[in-house]
Amino acid sequence: MNVVLGVGGGIAAYKAAELARELMERGCTVNTVMTRAAQEFITPLTFAALTGRKVITDLFGDRSADEVLASSVEHIQVARENDLLLVAPATADLIARFTHGQADDFLTTLHLAFRGKVLMAPAMNTIMWEHAATQANLAVLRARGVHFVEPGSGPLACGTVGPGRLAEPAEIANRAVALLTPNRDMEGEVVLITAGPTQEALDPVRFISNRSSGKMGYALAEDAAKRGARVILVSGPVALAPPQGVIMVRVRSAHEMREAVITNLEAASIVIKSAAVADYYLENTPSQKVKKTAMRMSIELTPTPDILAEVGRIKGDRLLIGFAAETENLVPEARRKLQTKNADMIVGNLVSQEGIGFESDQNEVVLVTRSFEPVKLPKSAKRELAGRILDHALRLRLVLHETA
């Protein structure tokens with residue numbers, strides 16, 4: 001496991017030396033990059049001695065012409081050779097520079113070239129941590145898929161008491177290794193997932209549908225497969241490539257989706273109904289295209305089958321997770337759906353919020369269950385949310401089995 005340890009300029013920089021040691025004890029190769037401010041608190045020699053590797057301190061620095069030429073692409077090479085970019089301490093300045101895509105030193109330039117996972121451990125004064133600008137920057141980075149080890153709370157170097165202390169080096173190292181270690185906690189599970197919209201024909205060329213992109217369901221399928229589950233993905237029409245390692249069942253209408261779900265239900269241990277099934281359909285569809293005239297036209301629509309409620313009646317000991325896309329009263333509506341559909345968890349989100357929901361790569365959801373208080377997951381990339389939803393699902397099932 002190759003880790004780039006980016007050290008920011010704060011009083012907590014001295015703890016980064018201990019973090020380097022903790023990472024190496026867990027089998028990581030540590031390559032250190034220090035900002036100019038970090039070198040005011042701790043010397044590069046400390047990290048070179050601990051890791052046995054060169055410490056990068058500048059894009060160019062005092063080097064020969066050949067060395068400068070080599071260093072001009074060094075950030076690309078470092079980005080390719082490492083699996084994780086870990087920034088600790090991540091100062092308010094570094095968080096802001098990462099958010100806005102600055103590339104004015106080696107660490108920020110490396111960040112833009114890095115395609116692996118990024119983990120940040122913030123450390124700063126409480127007032128700076130709680131400032132609206134810092135919190136907005138954190139939200140942007142989370143939405144891009146950046147992971148965070150939340151700061152601790154307690155006495156700070158400035159004399160104040162509150163959140164802002166760098167998390168303990170062992171905690172940060174454990175989180176780093178967890179991100180790099182394949183999680184196979186779903187081996188033996190068969191997960192049945194529905195995703196995307198359905199299309200209900202009005203004639204051979206027209207249909208009723210909704211704006212669901214299928215991104216959330218596909219992210220869930222991809223994460224469950226990576227964690228060792230056998231995944232059956234029942235997908236409505238979407239413009240997404242199938243996740244690797246899943247069994248694809250493509251459908252178009254709500255009736256086709258119901259049939260596919262019931263057919264595959266027996267094998268499933270977990271059912272996740274993330275599809276946005278159309279609520280109504282035209283029972284008698286014309287065989288020919290309906291021509292436009294100057295006359296007003298009305299059509300009589302019939303409710304589509306309620307797949308979630310039907311599965312809720314026959315689910316047995318399977319874990320059943322539904323989704324609720326609402327425009328208001330999110331938690332009450334999710335609780336109502338939890339009861340009426342006999343689900344174990346409802347994932348609710350407000351599709352009326354700008355920048356999240358159906359067509360976005362980001363979402364912000366609330367997990368509603370009978371066993372716990374509602375859990376709000378902040379605005380994040382759907383891929384990151386998928387993992388956290390599955391984490392909560394496995395934890396919930398353990399509680400349900402213990403109380404059964």
# chains A, B, ... in the order shown; residues from 1 in each chain; ligands from 1

$ residues_around --residues "Lys215 of chain A" --least-positions-apart "4" --cutoff "9 Å" --atoms "only C-alpha atoms" --output "short mmCIF file (atom, residue, chain, number, x, y, z; two decimals) with N, CA and C atoms, in the first residue's frame"
data_model
loop_
_atom_site.label_atom_id
_atom_site.label_comp_id
_atom_site.auth_asym_id
_atom_site.auth_seq_id
_atom_site.Cartn_x
_atom_site.Cartn_y
_atom_site.Cartn_z
N ALA A 195 -33.18 -0.17 -10.11
CA ALA A 195 -32.60 1.15 -10.38
C ALA A 195 -33.24 1.77 -11.61
N GLY A 196 -33.15 3.10 -11.65
CA GLY A 196 -33.61 3.83 -12.83
C GLY A 196 -35.11 4.06 -12.83
N ALA A 219 -24.66 2.80 -8.28
CA ALA A 219 -23.59 2.94 -7.29
C ALA A 219 -23.72 1.91 -6.18
N LEU A 220 -24.94 1.66 -5.75
CA LEU A 220 -25.18 0.62 -4.73
C LEU A 220 -24.79 -0.75 -5.26
N VAL A 238 -31.71 3.39 -18.74
CA VAL A 238 -30.78 4.43 -18.30
C VAL A 238 -29.61 4.49 -19.27
N LEU A 240 -26.34 4.36 -18.59
CA LEU A 240 -25.20 4.03 -17.74
C LEU A 240 -24.63 2.68 -18.15
N PHE A 358 -32.17 13.20 -8.63
CA PHE A 358 -32.23 12.27 -9.75
C PHE A 358 -31.04 12.35 -10.72
N GLU A 359 -30.85 13.51 -11.33
CA GLU A 359 -29.90 13.59 -12.44
C GLU A 359 -28.48 13.96 -12.00
N SER A 360 -28.31 14.30 -10.74
CA SER A 360 -27.01 14.75 -10.24
C SER A 360 -26.14 13.56 -9.86
N ASP A 361 -24.81 13.81 -9.81
CA ASP A 361 -23.88 12.81 -9.29
C ASP A 361 -23.81 12.85 -7.77
N LYS A 382 -22.65 10.15 -4.97
CA LYS A 382 -23.52 8.99 -4.81
C LYS A 382 -22.72 7.71 -4.56
N ARG A 383 -21.51 7.63 -5.11
CA ARG A 383 -20.68 6.45 -4.85
C ARG A 383 -20.30 6.35 -3.39
#

$ residues_around --residues "Glu283 of chain A" --least-positions-apart "6" --cutoff "10 Å" --atoms "only C-alpha atoms" --output "PyMOL selection string"
chain A and resi 200-202+300-304

$ write_last_selection --atoms "N, CA and C atoms" --output "PDB file, in the first residue's frame"
ATOM      1  N   GLU A 200     -43.860   3.967 -19.118  1.00  0.00           N
ATOM      2  CA  GLU A 200     -45.200   3.412 -19.317  1.00  0.00           C
ATOM      3  C   GLU A 200     -45.771   3.951 -20.628  1.00  0.00           C
ATOM      4  N   ALA A 201     -45.976   3.063 -21.583  1.00  0.00           N
ATOM      5  CA  ALA A 201     -46.339   3.462 -22.944  1.00  0.00           C
ATOM      6  C   ALA A 201     -47.715   4.118 -23.004  1.00  0.00           C
ATOM      7  N   LEU A 202     -47.794   5.203 -23.789  1.00  0.00           N
ATOM      8  CA  LEU A 202     -49.077   5.832 -24.124  1.00  0.00           C
ATOM      9  C   LEU A 202     -49.515   5.446 -25.537  1.00  0.00           C
ATOM     10  N   GLU A 300     -57.257   8.105 -19.203  1.00  0.00           N
ATOM     11  CA  GLU A 300     -57.511   7.523 -17.884  1.00  0.00           C
ATOM     12  C   GLU A 300     -56.360   6.588 -17.542  1.00  0.00           C
ATOM     13  N   LEU A 301     -55.691   6.888 -16.439  1.00  0.00           N
ATOM     14  CA  LEU A 301     -54.518   6.123 -16.033  1.00  0.00           C
ATOM     15  C   LEU A 301     -54.846   5.231 -14.846  1.00  0.00           C
ATOM     16  N   THR A 302     -54.162   4.102 -14.784  1.00  0.00           N
ATOM     17  CA  THR A 302     -54.346   3.111 -13.720  1.00  0.00           C
ATOM     18  C   THR A 302     -53.074   3.041 -12.883  1.00  0.00           C
ATOM     19  N   PRO A 303     -53.183   2.924 -11.560  1.00  0.00           N
ATOM     20  CA  PRO A 303     -51.970   2.808 -10.735  1.00  0.00           C
ATOM     21  C   PRO A 303     -51.133   1.593 -11.132  1.00  0.00           C
ATOM     22  N   THR A 304     -49.836   1.766 -11.166  1.00  0.00           N
ATOM     23  CA  THR A 304     -48.923   0.652 -11.419  1.00  0.00           C
ATOM     24  C   THR A 304     -48.841  -0.231 -10.174  1.00  0.00           C
TER      25      THR A 304
END

$ residues_around --residues "segment 141-158 of chain A" --least-positions-apart "4" --cutoff "6 Å" --atoms "only C-alpha atoms" --output "ChimeraX atom specification"
/A:118-122,162-167,379-381

$ write_last_selection --atoms "C-alpha atoms" --output "short mmCIF file (atom, residue, chain, number, x, y, z; two decimals), in the first residue's frame"
data_model
loop_
_atom_site.label_atom_id
_atom_site.label_comp_id
_atom_site.auth_asym_id
_atom_site.auth_seq_id
_atom_site.Cartn_x
_atom_site.Cartn_y
_atom_site.Cartn_z
CA VAL A 118 -8.10 11.17 -0.94
CA LEU A 119 -8.33 11.29 2.86
CA MET A 120 -8.05 14.52 4.84
CA ALA A 121 -7.62 14.95 8.59
CA PRO A 122 -8.50 18.58 9.41
CA GLY A 162 -13.79 22.82 21.12
CA PRO A 163 -13.64 20.87 17.87
CA GLY A 164 -10.55 21.27 15.73
CA ARG A 165 -7.89 18.96 17.21
CA LEU A 166 -6.20 16.61 14.78
CA ALA A 167 -7.55 13.10 15.25
CA LYS A 379 -24.30 15.97 0.57
CA SER A 380 -21.79 13.62 -1.03
CA ALA A 381 -21.02 11.79 -4.22
#

$ residues_around --residues "Thr194 of chain A" --least-positions-apart "3" --cutoff "6 Å" --atoms "only C-alpha atoms" --output "CSV table (one decimal) with N, CA and C atoms, in the first residue's frame"
chain,number,residue,atom,x,y,z
A,233,LEU,N,-29.1,-6.8,-10.6
A,233,LEU,CA,-29.5,-5.4,-10.8
A,233,LEU,C,-30.6,-5.4,-11.9
A,234,VAL,N,-31.8,-5.0,-11.4
A,234,VAL,CA,-33.0,-4.9,-12.3
A,234,VAL,C,-33.1,-3.4,-12.7
A,235,SER,N,-32.8,-3.1,-13.9
A,235,SER,CA,-32.7,-1.7,-14.3
A,235,SER,C,-33.7,-1.3,-15.4
A,273,LYS,N,-34.8,-1.3,-3.1
A,273,LYS,CA,-35.7,-0.8,-4.2
A,273,LYS,C,-35.4,0.7,-4.4
A,274,SER,N,-34.4,0.9,-5.2
A,274,SER,CA,-34.0,2.3,-5.4
A,274,SER,C,-34.6,2.9,-6.7
A,275,ALA,N,-35.3,2.0,-7.5
A,275,ALA,CA,-35.9,2.5,-8.8
A,275,ALA,C,-37.0,3.5,-8.5

$ residues_around --residues "Thr263 of chain A" --least-positions-apart "3" --cutoff "12 Å" --atoms "only C-alpha atoms" --output "PDB file with N, CA and C atoms, in the first residue's frame"
ATOM      1  N   LEU A 192     -30.541  -7.958  -4.298  1.00  0.00           N
ATOM      2  CA  LEU A 192     -31.422  -7.641  -5.421  1.00  0.00           C
ATOM      3  C   LEU A 192     -31.691  -6.138  -5.393  1.00  0.00           C
ATOM      4  N   ILE A 232     -27.884  -8.802  -8.218  1.00  0.00           N
ATOM      5  CA  ILE A 232     -28.820  -8.854  -9.337  1.00  0.00           C
ATOM      6  C   ILE A 232     -29.393  -7.452  -9.480  1.00  0.00           C
ATOM      7  N   VAL A 234     -31.827  -5.043 -11.400  1.00  0.00           N
ATOM      8  CA  VAL A 234     -32.986  -4.902 -12.295  1.00  0.00           C
ATOM      9  C   VAL A 234     -33.074  -3.421 -12.658  1.00  0.00           C
ATOM     10  N   VAL A 249     -30.544  -7.375 -15.343  1.00  0.00           N
ATOM     11  CA  VAL A 249     -31.869  -7.691 -15.868  1.00  0.00           C
ATOM     12  C   VAL A 249     -32.473  -6.375 -16.327  1.00  0.00           C
ATOM     13  N   GLU A 256     -42.967  -5.139 -15.960  1.00  0.00           N
ATOM     14  CA  GLU A 256     -41.763  -5.927 -16.231  1.00  0.00           C
ATOM     15  C   GLU A 256     -40.831  -5.918 -15.032  1.00  0.00           C
ATOM     16  N   MET A 257     -40.723  -4.767 -14.356  1.00  0.00           N
ATOM     17  CA  MET A 257     -39.871  -4.695 -13.172  1.00  0.00           C
ATOM     18  C   MET A 257     -40.425  -5.564 -12.057  1.00  0.00           C
ATOM     19  N   ARG A 258     -41.730  -5.533 -11.847  1.00  0.00           N
ATOM     20  CA  ARG A 258     -42.329  -6.386 -10.827  1.00  0.00           C
ATOM     21  C   ARG A 258     -42.038  -7.851 -11.100  1.00  0.00           C
ATOM     22  N   GLU A 259     -42.220  -8.263 -12.349  1.00  0.00           N
ATOM     23  CA  GLU A 259     -41.989  -9.673 -12.700  1.00  0.00           C
ATOM     24  C   GLU A 259     -40.543 -10.070 -12.439  1.00  0.00           C
ATOM     25  N   ALA A 260     -39.602  -9.191 -12.793  1.00  0.00           N
ATOM     26  CA  ALA A 260     -38.188  -9.486 -12.580  1.00  0.00           C
ATOM     27  C   ALA A 260     -37.857  -9.571 -11.095  1.00  0.00           C
ATOM     28  N   GLU A 266     -36.559 -14.995  -4.419  1.00  0.00           N
ATOM     29  CA  GLU A 266     -36.263 -16.160  -3.576  1.00  0.00           C
ATOM     30  C   GLU A 266     -34.778 -16.257  -3.252  1.00  0.00           C
ATOM     31  N   ALA A 267     -33.929 -15.916  -4.217  1.00  0.00           N
ATOM     32  CA  ALA A 267     -32.482 -16.043  -4.001  1.00  0.00           C
ATOM     33  C   ALA A 267     -31.914 -14.921  -3.139  1.00  0.00           C
ATOM     34  N   ALA A 268     -32.646 -13.823  -2.991  1.00  0.00           N
ATOM     35  CA  ALA A 268     -32.085 -12.618  -2.371  1.00  0.00           C
ATOM     36  C   ALA A 268     -32.116 -12.669  -0.851  1.00  0.00           C
ATOM     37  N   VAL A 311     -43.409  -6.791  -1.980  1.00  0.00           N
ATOM     38  CA  VAL A 311     -42.238  -7.467  -1.409  1.00  0.00           C
ATOM     39  C   VAL A 311     -42.294  -7.395   0.109  1.00  0.00           C
TER      40      VAL A 311
END

$ select_by_dssp --residues "segment 174-376 of chain A" --states "strand (DSSP E)" --output "number ranges by chain"
A: 190-195, 200-201, 207-208, 230-235, 246-250, 270-273, 280-281, 302-303, 319-326, 345-350, 362-369, 375-376

$ atom_distance --atom1 "atom CA of Thr51 of chain A" --atom2 "atom CA of Ile76 of chain A"
21.1 Å

$ residues_around --residues "Gly348 of chain A" --least-positions-apart "4" --cutoff "8 Å" --atoms "only C-alpha atoms" --output "PyMOL selection string"
chain A and resi 323-326+330-331+334+365-368

$ write_last_selection --atoms "C-alpha atoms" --output "short mmCIF file (atom, residue, chain, number, x, y, z; two decimals), in the first residue's frame"
data_model
loop_
_atom_site.label_atom_id
_atom_site.label_comp_id
_atom_site.auth_asym_id
_atom_site.auth_seq_id
_atom_site.Cartn_x
_atom_site.Cartn_y
_atom_site.Cartn_z
CA PHE A 323 -36.36 4.87 -1.32
CA ALA A 324 -38.56 7.94 -0.92
CA ALA A 325 -38.06 10.91 -3.25
CA GLU A 326 -40.02 13.79 -1.74
CA LEU A 330 -39.18 14.21 4.16
CA VAL A 331 -38.88 12.38 7.49
CA ALA A 334 -40.28 8.31 4.96
CA VAL A 365 -30.25 11.58 2.21
CA VAL A 366 -31.85 10.65 5.51
CA LEU A 367 -31.97 7.01 6.66
CA VAL A 368 -35.18 6.21 8.53
#

$ select_by_dssp --residues "segment 235-280 of chain A" --states "helix (DSSP H, G or I)" --output "PDB file with C-alpha atoms, in the first residue's frame"
ATOM      1  CA  ALA A 254     -43.396  -1.274 -13.977  1.00  0.00           C
ATOM      2  CA  HIS A 255     -45.032  -4.629 -14.748  1.00  0.00           C
ATOM      3  CA  GLU A 256     -41.763  -5.927 -16.231  1.00  0.00           C
ATOM      4  CA  MET A 257     -39.871  -4.695 -13.172  1.00  0.00           C
ATOM      5  CA  ARG A 258     -42.329  -6.386 -10.827  1.00  0.00           C
ATOM      6  CA  GLU A 259     -41.989  -9.673 -12.700  1.00  0.00           C
ATOM      7  CA  ALA A 260     -38.188  -9.486 -12.580  1.00  0.00           C
ATOM      8  CA  VAL A 261     -38.204  -8.708  -8.840  1.00  0.00           C
ATOM      9  CA  ILE A 262     -40.596 -11.528  -7.932  1.00  0.00           C
ATOM     10  CA  THR A 263     -38.666 -13.972 -10.136  1.00  0.00           C
ATOM     11  CA  ASN A 264     -35.364 -13.187  -8.392  1.00  0.00           C
ATOM     12  CA  LEU A 265     -36.704 -12.612  -4.874  1.00  0.00           C
TER      13      LEU A 265
END

$ atom_distance --atom1 "atom CA of Ala16 of chain A" --atom2 "atom CA of Lys54 of chain A"
15.8 Å
